[in-house]
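Undergrad: The structure file coords.cif (mmCIF, C-alpha atoms, pLDDT in the B column; chains and numbers go by the auth columns) is provided below.
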data_target
loop_
_atom_site.group_PDB
_atom_site.id
_atom_site.type_symbol
_atom_site.label_atom_id
_atom_site.label_comp_id
_atom_site.label_asym_id
_atom_site.label_seq_id
_atom_site.Cartn_x
_atom_site.Cartn_y
_atom_site.Cartn_z
_atom_site.B_iso_or_equiv
_atom_site.auth_seq_id
_atom_site.auth_asym_id
ATOM 1 C CA MET A 1 -118.234 -174.418 79.319 88.00 1 R
ATOM 2 C CA ALA A 2 -116.683 -175.509 82.621 92.00 2 R
ATOM 3 C CA ALA A 3 -116.058 -179.225 83.226 95.00 3 R
ATOM 4 C CA PHE A 4 -118.802 -179.464 85.885 96.00 4 R
ATOM 5 C CA GLU A 5 -121.301 -178.002 83.418 97.00 5 R
ATOM 6 C CA VAL A 6 -120.372 -180.563 80.784 97.00 6 R
ATOM 7 C CA VAL A 7 -120.811 -183.398 83.297 98.00 7 R
ATOM 8 C CA ALA A 8 -124.136 -181.935 84.455 98.00 8 R
ATOM 9 C CA LYS A 9 -125.578 -181.657 80.955 98.00 9 R
ATOM 10 C CA GLN A 10 -124.405 -185.131 79.931 98.00 10 R
ATOM 11 C CA PHE A 11 -125.806 -186.604 83.145 98.00 11 R
ATOM 12 C CA VAL A 12 -129.199 -184.900 82.763 98.00 12 R
ATOM 13 C CA THR A 13 -129.554 -186.061 79.150 98.00 13 R
ATOM 14 C CA HIS A 14 -128.598 -189.622 80.097 98.00 14 R
ATOM 15 C CA TYR A 15 -130.829 -189.642 83.169 98.00 15 R
ATOM 16 C CA TYR A 16 -134.044 -188.675 81.387 98.00 16 R
ATOM 17 C CA THR A 17 -133.317 -190.779 78.290 98.00 17 R
ATOM 18 C CA THR A 18 -132.956 -193.768 80.618 98.00 18 R
ATOM 19 C CA PHE A 19 -135.998 -192.757 82.689 98.00 19 R
ATOM 20 C CA ASP A 20 -138.209 -192.475 79.623 98.00 20 R
ATOM 21 C CA GLY A 21 -136.826 -195.628 77.987 97.00 21 R
ATOM 22 C CA ASP A 22 -136.547 -198.155 80.837 96.00 22 R
ATOM 23 C CA ARG A 23 -136.596 -196.558 84.244 96.00 23 R
ATOM 24 C CA LYS A 24 -135.604 -199.755 86.072 95.00 24 R
ATOM 25 C CA SER A 25 -132.156 -199.212 84.501 97.00 25 R
ATOM 26 C CA LEU A 26 -131.690 -196.020 86.548 97.00 26 R
ATOM 27 C CA GLY A 27 -130.241 -198.189 89.336 97.00 27 R
ATOM 28 C CA ALA A 28 -126.824 -197.869 87.689 97.00 28 R
ATOM 29 C CA LEU A 29 -126.862 -194.150 88.554 98.00 29 R
ATOM 30 C CA TYR A 30 -127.435 -194.623 92.322 98.00 30 R
ATOM 31 C CA ARG A 31 -125.419 -196.201 95.155 97.00 31 R
ATOM 32 C CA ASP A 32 -126.293 -197.710 98.544 96.00 32 R
ATOM 33 C CA ASN A 33 -126.150 -194.340 100.314 96.00 33 R
ATOM 34 C CA SER A 34 -128.046 -192.400 97.627 98.00 34 R
ATOM 35 C CA MET A 35 -131.221 -190.586 98.628 98.00 35 R
ATOM 36 C CA LEU A 36 -134.344 -189.890 96.594 98.00 36 R
ATOM 37 C CA THR A 37 -137.225 -187.695 97.743 98.00 37 R
ATOM 38 C CA PHE A 38 -139.997 -188.119 95.167 98.00 38 R
ATOM 39 C CA GLU A 39 -143.033 -185.929 95.820 96.00 39 R
ATOM 40 C CA SER A 40 -141.898 -185.821 99.468 94.00 40 R
ATOM 41 C CA ALA A 41 -141.621 -189.642 99.832 97.00 41 R
ATOM 42 C CA GLN A 42 -138.097 -190.666 100.888 97.00 42 R
ATOM 43 C CA SER A 43 -136.110 -193.659 99.586 98.00 43 R
ATOM 44 C CA LEU A 44 -132.564 -194.651 100.633 98.00 44 R
ATOM 45 C CA GLY A 45 -130.258 -196.826 98.532 98.00 45 R
ATOM 46 C CA THR A 46 -130.319 -198.219 95.010 98.00 46 R
ATOM 47 C CA GLY A 47 -132.807 -201.017 95.649 98.00 47 R
ATOM 48 C CA SER A 48 -135.361 -198.848 97.385 98.00 48 R
ATOM 49 C CA ILE A 49 -134.980 -196.037 94.833 98.00 49 R
ATOM 50 C CA VAL A 50 -135.403 -198.341 91.822 98.00 50 R
ATOM 51 C CA GLU A 51 -138.453 -199.948 93.448 98.00 51 R
ATOM 52 C CA LYS A 52 -139.968 -196.496 93.953 98.00 52 R
ATOM 53 C CA LEU A 53 -139.278 -195.370 90.388 97.00 53 R
ATOM 54 C CA ALA A 54 -140.380 -198.655 88.783 96.00 54 R
ATOM 55 C CA ASN A 55 -143.705 -198.579 90.633 96.00 55 R
ATOM 56 C CA LEU A 56 -144.732 -195.032 89.776 96.00 56 R
ATOM 57 C CA PRO A 57 -148.322 -195.134 88.524 93.00 57 R
ATOM 58 C CA PHE A 58 -147.753 -194.648 84.813 93.00 58 R
ATOM 59 C CA GLN A 59 -146.439 -196.805 81.971 94.00 59 R
ATOM 60 C CA LYS A 60 -145.061 -194.245 79.535 96.00 60 R
ATOM 61 C CA VAL A 61 -143.369 -191.005 80.440 97.00 61 R
ATOM 62 C CA GLN A 62 -141.591 -188.361 78.432 97.00 62 R
ATOM 63 C CA HIS A 63 -139.461 -185.646 80.057 97.00 63 R
ATOM 64 C CA GLN A 64 -138.632 -182.406 78.312 97.00 64 R
ATOM 65 C CA VAL A 65 -135.903 -180.386 80.011 98.00 65 R
ATOM 66 C CA THR A 66 -136.338 -176.598 80.024 96.00 66 R
ATOM 67 C CA THR A 67 -133.331 -175.464 82.099 97.00 67 R
ATOM 68 C CA ILE A 68 -130.218 -176.981 83.685 98.00 68 R
ATOM 69 C CA ASP A 69 -128.223 -174.922 86.191 98.00 69 R
ATOM 70 C CA ALA A 70 -125.128 -176.443 87.790 98.00 70 R
ATOM 71 C CA GLN A 71 -122.588 -175.395 90.411 98.00 71 R
ATOM 72 C CA PRO A 72 -119.461 -177.055 91.807 97.00 72 R
ATOM 73 C CA ALA A 73 -120.033 -178.253 95.381 96.00 73 R
ATOM 74 C CA ALA A 74 -118.038 -179.590 98.344 91.00 74 R
ATOM 75 C CA SER A 75 -116.197 -182.932 98.096 89.00 75 R
ATOM 76 C CA ASN A 76 -115.824 -182.627 94.318 92.00 76 R
ATOM 77 C CA SER A 77 -119.589 -182.830 93.857 97.00 77 R
ATOM 78 C CA ILE A 78 -121.889 -181.115 91.365 98.00 78 R
ATOM 79 C CA PHE A 79 -125.104 -179.394 92.446 98.00 79 R
ATOM 80 C CA ILE A 80 -127.828 -179.246 89.752 98.00 80 R
ATOM 81 C CA LEU A 81 -131.329 -177.803 89.438 98.00 81 R
ATOM 82 C CA VAL A 82 -133.393 -178.948 86.465 98.00 82 R
ATOM 83 C CA THR A 83 -136.775 -177.556 85.460 97.00 83 R
ATOM 84 C CA GLY A 84 -138.905 -179.122 82.775 97.00 84 R
ATOM 85 C CA GLN A 85 -142.156 -180.683 81.753 97.00 85 R
ATOM 86 C CA LEU A 86 -143.310 -184.276 81.560 96.00 86 R
ATOM 87 C CA LEU A 87 -146.086 -186.131 79.797 96.00 87 R
ATOM 88 C CA VAL A 88 -147.414 -189.386 81.239 95.00 88 R
ATOM 89 C CA ASP A 89 -149.176 -192.139 79.309 94.00 89 R
ATOM 90 C CA ASP A 90 -151.564 -190.672 76.749 89.00 90 R
ATOM 91 C CA SER A 91 -152.159 -187.354 78.513 91.00 91 R
ATOM 92 C CA GLU A 92 -151.889 -184.252 76.379 91.00 92 R
ATOM 93 C CA HIS A 93 -151.336 -182.010 79.412 93.00 93 R
ATOM 94 C CA PRO A 94 -147.678 -181.521 80.285 95.00 94 R
ATOM 95 C CA LEU A 95 -146.862 -181.193 84.000 95.00 95 R
ATOM 96 C CA GLY A 96 -144.135 -178.804 85.106 96.00 96 R
ATOM 97 C CA TYR A 97 -141.522 -180.236 87.465 97.00 97 R
ATOM 98 C CA SER A 98 -138.340 -179.327 89.303 98.00 98 R
ATOM 99 C CA GLN A 99 -135.594 -181.793 90.173 98.00 99 R
ATOM 100 C CA ALA A 100 -132.461 -181.085 92.190 98.00 100 R
ATOM 101 C CA PHE A 101 -129.518 -183.491 91.991 98.00 101 R
ATOM 102 C CA GLN A 102 -126.151 -183.753 93.646 98.00 102 R
ATOM 103 C CA LEU A 103 -123.626 -185.875 91.762 98.00 103 R
ATOM 104 C CA THR A 104 -120.504 -187.371 93.325 97.00 104 R
ATOM 105 C CA GLN A 105 -117.726 -189.582 91.952 96.00 105 R
ATOM 106 C CA ASP A 106 -117.142 -193.099 93.252 92.00 106 R
ATOM 107 C CA PRO A 107 -113.542 -194.348 93.792 91.00 107 R
ATOM 108 C CA ALA A 108 -113.474 -195.630 90.190 93.00 108 R
ATOM 109 C CA GLY A 109 -114.285 -192.121 88.920 93.00 109 R
ATOM 110 C CA SER A 110 -117.893 -192.829 87.886 95.00 110 R
ATOM 111 C CA TRP A 111 -120.439 -190.136 88.646 97.00 111 R
ATOM 112 C CA PHE A 112 -123.467 -191.203 90.662 98.00 112 R
ATOM 113 C CA VAL A 113 -126.474 -189.506 92.250 98.00 113 R
ATOM 114 C CA GLN A 114 -125.929 -188.767 95.943 98.00 114 R
ATOM 115 C CA ASN A 115 -128.998 -186.547 96.425 98.00 115 R
ATOM 116 C CA ASP A 116 -132.157 -186.386 94.317 98.00 116 R
ATOM 117 C CA VAL A 117 -135.317 -184.392 95.074 98.00 117 R
ATOM 118 C CA PHE A 118 -138.206 -184.381 92.590 98.00 118 R
ATOM 119 C CA LYS A 119 -141.291 -182.136 92.787 97.00 119 R
ATOM 120 C CA LEU A 120 -144.153 -181.453 90.439 95.00 120 R
ATOM 121 C CA ASN A 121 -144.843 -177.725 90.143 91.00 121 R
ATOM 122 C CA LEU A 122 -148.501 -177.675 91.087 80.00 122 R
ATOM 123 C CA GLY A 123 -150.408 -174.476 91.711 58.00 123 R
ATOM 124 C CA MET B 1 -138.467 -184.668 112.599 88.00 1 V
ATOM 125 C CA ALA B 2 -134.765 -185.285 111.985 92.00 2 V
ATOM 126 C CA ALA B 3 -132.247 -182.590 112.958 95.00 3 V
ATOM 127 C CA PHE B 4 -131.446 -181.725 109.332 96.00 4 V
ATOM 128 C CA GLU B 5 -135.145 -181.185 108.639 97.00 5 V
ATOM 129 C CA VAL B 6 -135.463 -178.822 111.590 97.00 6 V
ATOM 130 C CA VAL B 7 -132.451 -176.810 110.384 98.00 7 V
ATOM 131 C CA ALA B 8 -133.842 -176.760 106.828 98.00 8 V
ATOM 132 C CA LYS B 9 -137.260 -175.473 107.861 98.00 9 V
ATOM 133 C CA GLN B 10 -135.825 -172.848 110.208 98.00 10 V
ATOM 134 C CA PHE B 11 -133.408 -171.708 107.525 98.00 11 V
ATOM 135 C CA VAL B 12 -136.078 -171.443 104.818 98.00 12 V
ATOM 136 C CA THR B 13 -138.387 -169.426 107.071 98.00 13 V
ATOM 137 C CA HIS B 14 -135.551 -167.092 108.069 98.00 14 V
ATOM 138 C CA TYR B 15 -134.298 -166.760 104.481 98.00 15 V
ATOM 139 C CA TYR B 16 -137.593 -165.630 102.976 98.00 16 V
ATOM 140 C CA THR B 17 -138.561 -163.440 105.935 98.00 17 V
ATOM 141 C CA THR B 18 -135.237 -161.645 105.474 98.00 18 V
ATOM 142 C CA PHE B 19 -135.600 -161.558 101.679 98.00 19 V
ATOM 143 C CA ASP B 20 -139.062 -160.010 101.864 98.00 20 V
ATOM 144 C CA GLY B 21 -138.149 -157.579 104.663 97.00 21 V
ATOM 145 C CA ASP B 22 -134.682 -156.270 103.714 96.00 22 V
ATOM 146 C CA ARG B 23 -132.920 -158.437 101.178 96.00 23 V
ATOM 147 C CA LYS B 24 -129.595 -156.621 101.545 95.00 24 V
ATOM 148 C CA SER B 25 -129.397 -158.325 104.960 97.00 25 V
ATOM 149 C CA LEU B 26 -129.161 -161.735 103.277 97.00 26 V
ATOM 150 C CA GLY B 27 -125.375 -161.262 103.154 97.00 27 V
ATOM 151 C CA ALA B 28 -125.159 -162.763 106.651 97.00 28 V
ATOM 152 C CA LEU B 29 -126.282 -166.099 105.200 98.00 29 V
ATOM 153 C CA TYR B 30 -123.519 -166.336 102.553 98.00 30 V
ATOM 154 C CA ARG B 31 -119.709 -166.637 102.672 97.00 31 V
ATOM 155 C CA ASP B 32 -116.888 -165.757 100.280 96.00 32 V
ATOM 156 C CA ASN B 33 -117.082 -169.113 98.477 96.00 33 V
ATOM 157 C CA SER B 34 -120.892 -169.206 98.265 98.00 34 V
ATOM 158 C CA MET B 35 -122.479 -169.481 94.824 98.00 35 V
ATOM 159 C CA LEU B 36 -125.801 -168.105 93.592 98.00 36 V
ATOM 160 C CA THR B 37 -127.330 -168.881 90.203 98.00 37 V
ATOM 161 C CA PHE B 38 -130.355 -166.592 89.837 98.00 38 V
ATOM 162 C CA GLU B 39 -132.310 -167.174 86.641 96.00 39 V
ATOM 163 C CA SER B 40 -129.115 -168.683 85.207 94.00 40 V
ATOM 164 C CA ALA B 41 -126.919 -165.663 86.098 97.00 41 V
ATOM 165 C CA GLN B 42 -123.996 -166.692 88.316 97.00 42 V
ATOM 166 C CA SER B 43 -122.609 -164.806 91.325 98.00 43 V
ATOM 167 C CA LEU B 44 -119.717 -165.885 93.557 98.00 44 V
ATOM 168 C CA GLY B 45 -119.153 -164.646 97.104 98.00 45 V
ATOM 169 C CA THR B 46 -121.148 -162.581 99.583 98.00 46 V
ATOM 170 C CA GLY B 47 -120.515 -159.179 98.001 98.00 47 V
ATOM 171 C CA SER B 48 -121.454 -160.224 94.490 98.00 48 V
ATOM 172 C CA ILE B 49 -124.500 -162.166 95.689 98.00 49 V
ATOM 173 C CA VAL B 50 -125.854 -159.297 97.795 98.00 50 V
ATOM 174 C CA GLU B 51 -125.321 -156.884 94.891 98.00 51 V
ATOM 175 C CA LYS B 52 -127.282 -159.213 92.607 98.00 52 V
ATOM 176 C CA LEU B 53 -130.148 -159.631 95.075 97.00 53 V
ATOM 177 C CA ALA B 54 -130.295 -155.953 96.037 96.00 54 V
ATOM 178 C CA ASN B 55 -130.515 -154.883 92.381 96.00 55 V
ATOM 179 C CA LEU B 56 -133.320 -157.203 91.302 96.00 56 V
ATOM 180 C CA PRO B 57 -135.878 -155.113 89.414 93.00 57 V
ATOM 181 C CA PHE B 58 -138.606 -154.903 92.032 93.00 58 V
ATOM 182 C CA GLN B 59 -139.095 -153.022 95.280 94.00 59 V
ATOM 183 C CA LYS B 60 -141.493 -155.240 97.205 96.00 60 V
ATOM 184 C CA VAL B 61 -141.549 -159.019 97.133 97.00 61 V
ATOM 185 C CA GLN B 62 -143.476 -161.603 99.087 97.00 62 V
ATOM 186 C CA HIS B 63 -142.546 -165.305 99.012 97.00 63 V
ATOM 187 C CA GLN B 64 -144.992 -168.019 99.947 97.00 64 V
ATOM 188 C CA VAL B 65 -143.401 -171.441 100.426 98.00 65 V
ATOM 189 C CA THR B 66 -145.389 -174.448 99.192 96.00 66 V
ATOM 190 C CA THR B 67 -142.971 -177.337 99.876 97.00 67 V
ATOM 191 C CA ILE B 68 -139.611 -177.905 101.577 98.00 68 V
ATOM 192 C CA ASP B 69 -137.786 -181.200 101.022 98.00 69 V
ATOM 193 C CA ALA B 70 -134.416 -181.747 102.705 98.00 70 V
ATOM 194 C CA GLN B 71 -131.766 -184.472 102.728 98.00 71 V
ATOM 195 C CA PRO B 72 -128.475 -184.870 104.588 97.00 72 V
ATOM 196 C CA ALA B 73 -125.505 -184.448 102.233 96.00 73 V
ATOM 197 C CA ALA B 74 -121.731 -184.975 102.211 91.00 74 V
ATOM 198 C CA SER B 75 -119.467 -182.952 104.541 89.00 75 V
ATOM 199 C CA ASN B 76 -122.271 -182.475 107.091 91.00 76 V
ATOM 200 C CA SER B 77 -124.279 -180.425 104.618 97.00 77 V
ATOM 201 C CA ILE B 78 -128.027 -180.180 104.023 98.00 78 V
ATOM 202 C CA PHE B 79 -129.534 -180.382 100.542 98.00 79 V
ATOM 203 C CA ILE B 80 -132.881 -178.577 100.138 98.00 80 V
ATOM 204 C CA LEU B 81 -135.431 -178.066 97.371 98.00 81 V
ATOM 205 C CA VAL B 82 -138.089 -175.399 97.955 98.00 82 V
ATOM 206 C CA THR B 83 -141.087 -174.745 95.715 97.00 83 V
ATOM 207 C CA GLY B 84 -143.349 -171.761 96.177 97.00 84 V
ATOM 208 C CA GLN B 85 -144.890 -168.652 94.755 97.00 85 V
ATOM 209 C CA LEU B 86 -143.883 -165.027 94.884 97.00 86 V
ATOM 210 C CA LEU B 87 -145.604 -161.704 94.339 96.00 87 V
ATOM 211 C CA VAL B 88 -143.609 -158.669 93.229 95.00 88 V
ATOM 212 C CA ASP B 89 -144.567 -155.034 93.759 94.00 89 V
ATOM 213 C CA ASP B 90 -148.279 -154.521 93.200 89.00 90 V
ATOM 214 C CA SER B 91 -148.820 -157.479 90.871 91.00 91 V
ATOM 215 C CA GLU B 92 -151.754 -159.718 91.680 91.00 92 V
ATOM 216 C CA HIS B 93 -150.298 -162.613 89.682 93.00 93 V
ATOM 217 C CA PRO B 94 -148.177 -164.987 91.756 95.00 94 V
ATOM 218 C CA LEU B 95 -145.188 -166.535 89.976 95.00 95 V
ATOM 219 C CA GLY B 96 -144.202 -170.109 90.738 96.00 96 V
ATOM 220 C CA TYR B 97 -140.553 -170.719 91.579 97.00 97 V
ATOM 221 C CA SER B 98 -138.107 -173.428 92.595 98.00 98 V
ATOM 222 C CA GLN B 99 -135.014 -172.850 94.702 98.00 99 V
ATOM 223 C CA ALA B 100 -132.373 -175.407 95.614 98.00 100 V
ATOM 224 C CA PHE B 101 -130.006 -174.711 98.523 98.00 101 V
ATOM 225 C CA GLN B 102 -127.078 -176.480 100.067 98.00 102 V
ATOM 226 C CA LEU B 103 -126.293 -175.416 103.634 98.00 103 V
ATOM 227 C CA THR B 104 -122.958 -176.014 105.355 97.00 104 V
ATOM 228 C CA GLN B 105 -121.625 -175.115 108.804 96.00 105 V
ATOM 229 C CA ASP B 106 -118.733 -172.739 109.270 92.00 106 V
ATOM 230 C CA PRO B 107 -116.050 -173.493 111.910 91.00 107 V
ATOM 231 C CA ALA B 108 -118.093 -171.563 114.503 93.00 108 V
ATOM 232 C CA GLY B 109 -121.066 -173.855 113.861 93.00 109 V
ATOM 233 C CA SER B 110 -123.198 -171.310 111.984 95.00 110 V
ATOM 234 C CA TRP B 111 -125.109 -172.573 108.970 97.00 111 V
ATOM 235 C CA PHE B 112 -124.515 -170.720 105.715 98.00 112 V
ATOM 236 C CA VAL B 113 -125.536 -171.111 102.073 98.00 113 V
ATOM 237 C CA GLN B 114 -122.877 -172.886 100.017 98.00 114 V
ATOM 238 C CA ASN B 115 -125.008 -173.444 96.886 98.00 115 V
ATOM 239 C CA ASP B 116 -128.144 -171.570 95.790 98.00 116 V
ATOM 240 C CA VAL B 117 -130.001 -171.950 92.487 98.00 117 V
ATOM 241 C CA PHE B 118 -133.213 -169.996 91.866 98.00 118 V
ATOM 242 C CA LYS B 119 -135.564 -170.496 88.903 97.00 119 V
ATOM 243 C CA LEU B 120 -138.982 -169.149 88.069 95.00 120 V
ATOM 244 C CA ASN B 121 -141.286 -171.907 86.856 91.00 121 V
ATOM 245 C CA LEU B 122 -142.346 -170.449 83.530 80.00 122 V
ATOM 246 C CA GLY B 123 -144.321 -172.384 80.967 58.00 123 V
#
Mind turning this structure into structure tokens?
TA:
Amino acid sequence: MAAFEVVAKQFVTHYYTTFDGDRKSLGALYRDNSMLTFESAQSLGTGSIVEKLANLPFQKVQHQVTTIDAQPAASNSIFILVTGQLLVDDSEHPLGYSQAFQLTQDPAGSWFVQNDVFKLNLG
Amino acid sequence: MAAFEVVAKQFVTHYYTTFDGDRKSLGALYRDNSMLTFESAQSLGTGSIVEKLANLPFQKVQHQVTTIDAQPAASNSIFILVTGQLLVDDSEHPLGYSQAFQLTQDPAGSWFVQNDVFKLNLG
């Protein structure tokens, strides 16, 4: 497996484990110029993104990843498309979703989320 | 609407119109370092990508876009997630799909597809 694929899979596992455990902790994965588009609502920067994620209208959530496809991208970035299903609160009806990420390294070598677009697959 | 959103919407319309009309013509939208991951199969470069798309196992296809979300990205790129449905041949059962693109400009100022990941939303 290529290095970018290893990073992508490790990131995706860490991201959803953190999301499902304590999503306010996701701030560590964003920076001040990171962008999130969640169901077409745009947030810019760690503070705004964490506020958006923390205030989503459910208490419990469980993501199950179906596929992860990654490509190397410009500026030493990694381009990722995830598809999966999620369960919120006590619902028994999983919702399909798609989430595209672009990861970039900061000067210290840590990977962070530069671009993040989340969509439920409805209809 | 921001400039990157205008480019994204124009690109998506042009991409699927071309795909549904004569998908061999999609080569004009890729370059030699472009990457396509189609249902987890990887292709690199215009020739390989066009061969992959031209040989997909259907004659007729019709895409219907449901959502387009775009963000500006590093190196003057545009990061896009599309969700939609497609109909192949004479099937009456639309298939949901997700497609993530990253567009970049070549030295002449033309936008091309740097990264492209396509997934059917199954299950």
Undergrad: Need the shell around V:Leu53: protein/DNA/RNA residues with any atom at most 12 Å away, counting all atoms listed in the file. Skip same-chain ones fewer than 2 positions apart. Format as a VMD selection string?
TA: chain V and resid 18 to 20 22 to 27 36 to 39 41 to 43 46 to 51 55 to 59 61 118
Undergrad: Would you please work out which residue, of R:Tyr30, R:Gln71, R:Val65, R:Phe101, is nearest to R:Thr17 when using all atoms listed in the file?
TA: R:Val65
Undergrad: Just need the residues of chain V within 7 Å of chain R, counting all atoms listed in the file, so spit them out as a list in words.
TA: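 The contacting residues on chain V are Ser40, Asp69, Leu81, Ser98, Ala100 and Val117 of chain V.
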Undergrad: With C-alpha atoms retained, write the just-selected residues as a short mmCIF file (atom, residue, chain, number, x, y, z; two decimals), keeping the file's coordinate frame.
TA:
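To be explicit, this is the file written out as out.cif:
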data_model
loop_
_atom_site.label_atom_id
_atom_site.label_comp_id
_atom_site.auth_asym_id
_atom_site.auth_seq_id
_atom_site.Cartn_x
_atom_site.Cartn_y
_atom_site.Cartn_z
CA SER V 40 -129.12 -168.68 85.21
CA ASP V 69 -137.79 -181.20 101.02
CA LEU V 81 -135.43 -178.07 97.37
CA SER V 98 -138.11 -173.43 92.60
CA ALA V 100 -132.37 -175.41 95.61
CA VAL V 117 -130.00 -171.95 92.49
#
Undergrad: May I have chain V as a compact mmCIF listing (two decimals) with C-alpha atoms, in the frame of the given file, after a least-squares superposition on chain R that uses all C-alpha atoms paired in order?
TA:
# COMPACT_ATOMS: atom_id res chain seq x y z
CA MET V 1 -118.26 -174.43 79.33
CA ALA V 2 -116.69 -175.51 82.62
CA ALA V 3 -116.06 -179.22 83.25
CA PHE V 4 -118.80 -179.46 85.89
CA GLU V 5 -121.30 -178.00 83.43
CA VAL V 6 -120.37 -180.56 80.79
CA VAL V 7 -120.81 -183.40 83.30
CA ALA V 8 -124.14 -181.93 84.46
CA LYS V 9 -125.58 -181.66 80.96
CA GLN V 10 -124.39 -185.12 79.94
CA PHE V 11 -125.80 -186.59 83.14
CA VAL V 12 -129.20 -184.90 82.76
CA THR V 13 -129.55 -186.06 79.15
CA HIS V 14 -128.58 -189.62 80.09
CA TYR V 15 -130.83 -189.63 83.17
CA TYR V 16 -134.03 -188.67 81.37
CA THR V 17 -133.31 -190.78 78.29
CA THR V 18 -132.95 -193.76 80.62
CA PHE V 19 -135.99 -192.75 82.68
CA ASP V 20 -138.21 -192.47 79.61
CA GLY V 21 -136.84 -195.64 77.97
CA ASP V 22 -136.54 -198.16 80.83
CA ARG V 23 -136.59 -196.55 84.24
CA LYS V 24 -135.62 -199.75 86.06
CA SER V 25 -132.17 -199.22 84.50
CA LEU V 26 -131.70 -196.03 86.54
CA GLY V 27 -130.25 -198.20 89.33
CA ALA V 28 -126.82 -197.86 87.68
CA LEU V 29 -126.86 -194.16 88.55
CA TYR V 30 -127.43 -194.63 92.31
CA ARG V 31 -125.41 -196.20 95.15
CA ASP V 32 -126.29 -197.71 98.53
CA ASN V 33 -126.14 -194.34 100.31
CA SER V 34 -128.04 -192.41 97.62
CA MET V 35 -131.22 -190.60 98.64
CA LEU V 36 -134.35 -189.90 96.59
CA THR V 37 -137.23 -187.70 97.74
CA PHE V 38 -140.00 -188.12 95.16
CA GLU V 39 -143.02 -185.94 95.82
CA SER V 40 -141.89 -185.83 99.46
CA ALA V 41 -141.62 -189.64 99.82
CA GLN V 42 -138.11 -190.68 100.87
CA SER V 43 -136.11 -193.66 99.59
CA LEU V 44 -132.58 -194.65 100.62
CA GLY V 45 -130.25 -196.82 98.54
CA THR V 46 -130.31 -198.22 95.02
CA GLY V 47 -132.80 -201.02 95.65
CA SER V 48 -135.37 -198.85 97.38
CA ILE V 49 -134.98 -196.05 94.83
CA VAL V 50 -135.40 -198.35 91.82
CA GLU V 51 -138.46 -199.95 93.44
CA LYS V 52 -139.98 -196.50 93.96
CA LEU V 53 -139.28 -195.38 90.39
CA ALA V 54 -140.37 -198.66 88.79
CA ASN V 55 -143.71 -198.58 90.64
CA LEU V 56 -144.73 -195.03 89.78
CA PRO V 57 -148.33 -195.14 88.54
CA PHE V 58 -147.75 -194.65 84.82
CA GLN V 59 -146.44 -196.80 81.99
CA LYS V 60 -145.08 -194.25 79.54
CA VAL V 61 -143.37 -191.00 80.45
CA GLN V 62 -141.59 -188.37 78.43
CA HIS V 63 -139.46 -185.65 80.06
CA GLN V 64 -138.63 -182.42 78.30
CA VAL V 65 -135.91 -180.38 80.02
CA THR V 66 -136.34 -176.60 80.02
CA THR V 67 -133.33 -175.46 82.10
CA ILE V 68 -130.22 -176.97 83.69
CA ASP V 69 -128.22 -174.91 86.19
CA ALA V 70 -125.13 -176.45 87.79
CA GLN V 71 -122.58 -175.40 90.41
CA PRO V 72 -119.46 -177.06 91.81
CA ALA V 73 -120.03 -178.26 95.39
CA ALA V 74 -118.03 -179.59 98.34
CA SER V 75 -116.19 -182.94 98.10
CA ASN V 76 -115.82 -182.63 94.31
CA SER V 77 -119.58 -182.82 93.85
CA ILE V 78 -121.89 -181.11 91.37
CA PHE V 79 -125.10 -179.39 92.45
CA ILE V 80 -127.82 -179.24 89.77
CA LEU V 81 -131.33 -177.81 89.46
CA VAL V 82 -133.39 -178.95 86.47
CA THR V 83 -136.78 -177.55 85.46
CA GLY V 84 -138.90 -179.12 82.77
CA GLN V 85 -142.16 -180.68 81.75
CA LEU V 86 -143.30 -184.26 81.55
CA LEU V 87 -146.09 -186.13 79.81
CA VAL V 88 -147.42 -189.38 81.25
CA ASP V 89 -149.19 -192.14 79.34
CA ASP V 90 -151.59 -190.68 76.79
CA SER V 91 -152.18 -187.36 78.54
CA GLU V 92 -151.89 -184.27 76.39
CA HIS V 93 -151.33 -182.02 79.41
CA PRO V 94 -147.67 -181.51 80.28
CA LEU V 95 -146.87 -181.19 83.99
CA GLY V 96 -144.15 -178.81 85.11
CA TYR V 97 -141.52 -180.22 87.46
CA SER V 98 -138.34 -179.32 89.31
CA GLN V 99 -135.59 -181.78 90.17
CA ALA V 100 -132.46 -181.08 92.19
CA PHE V 101 -129.51 -183.49 91.98
CA GLN V 102 -126.15 -183.75 93.64
CA LEU V 103 -123.62 -185.88 91.75
CA THR V 104 -120.50 -187.36 93.32
CA GLN V 105 -117.72 -189.58 91.96
CA ASP V 106 -117.14 -193.08 93.25
CA PRO V 107 -113.56 -194.34 93.80
CA ALA V 108 -113.49 -195.63 90.20
CA GLY V 109 -114.28 -192.13 88.93
CA SER V 110 -117.88 -192.83 87.89
CA TRP V 111 -120.43 -190.13 88.64
CA PHE V 112 -123.46 -191.20 90.66
CA VAL V 113 -126.47 -189.51 92.25
CA GLN V 114 -125.92 -188.77 95.94
CA ASN V 115 -128.99 -186.54 96.42
CA ASP V 116 -132.17 -186.38 94.31
CA VAL V 117 -135.32 -184.39 95.07
CA PHE V 118 -138.21 -184.37 92.59
CA LYS V 119 -141.29 -182.13 92.79
CA LEU V 120 -144.15 -181.45 90.43
CA ASN V 121 -144.83 -177.73 90.13
CA LEU V 122 -148.50 -177.67 91.05
CA GLY V 123 -150.42 -174.48 91.63
Undergrad: Work out how far atom CA of V:Ala108 is from atom CA of V:Tyr16, in Å to one decimal.
TA: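 Taking atom CA of V:Tyr16 and atom CA of V:Ala108, their separation equals 23.4 Å.
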Undergrad: Using atom CA of V:Asn76 and atom CA of R:Ala28 as the two end points, give the distance in Å to one decimal.
TA: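 We find that atom CA of V:Asn76 and atom CA of R:Ala28 lie 25.2 Å from each other.
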Undergrad: For R:Gln10, which residue among R:Ala54, R:Gln64, R:Asn33, R:Trp111 is the nearest when counting all atoms listed in the file?
TA: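 Comparing R:Ala54, R:Gln64, R:Asn33, R:Trp111 against R:Gln10, the winner is R:Trp111.
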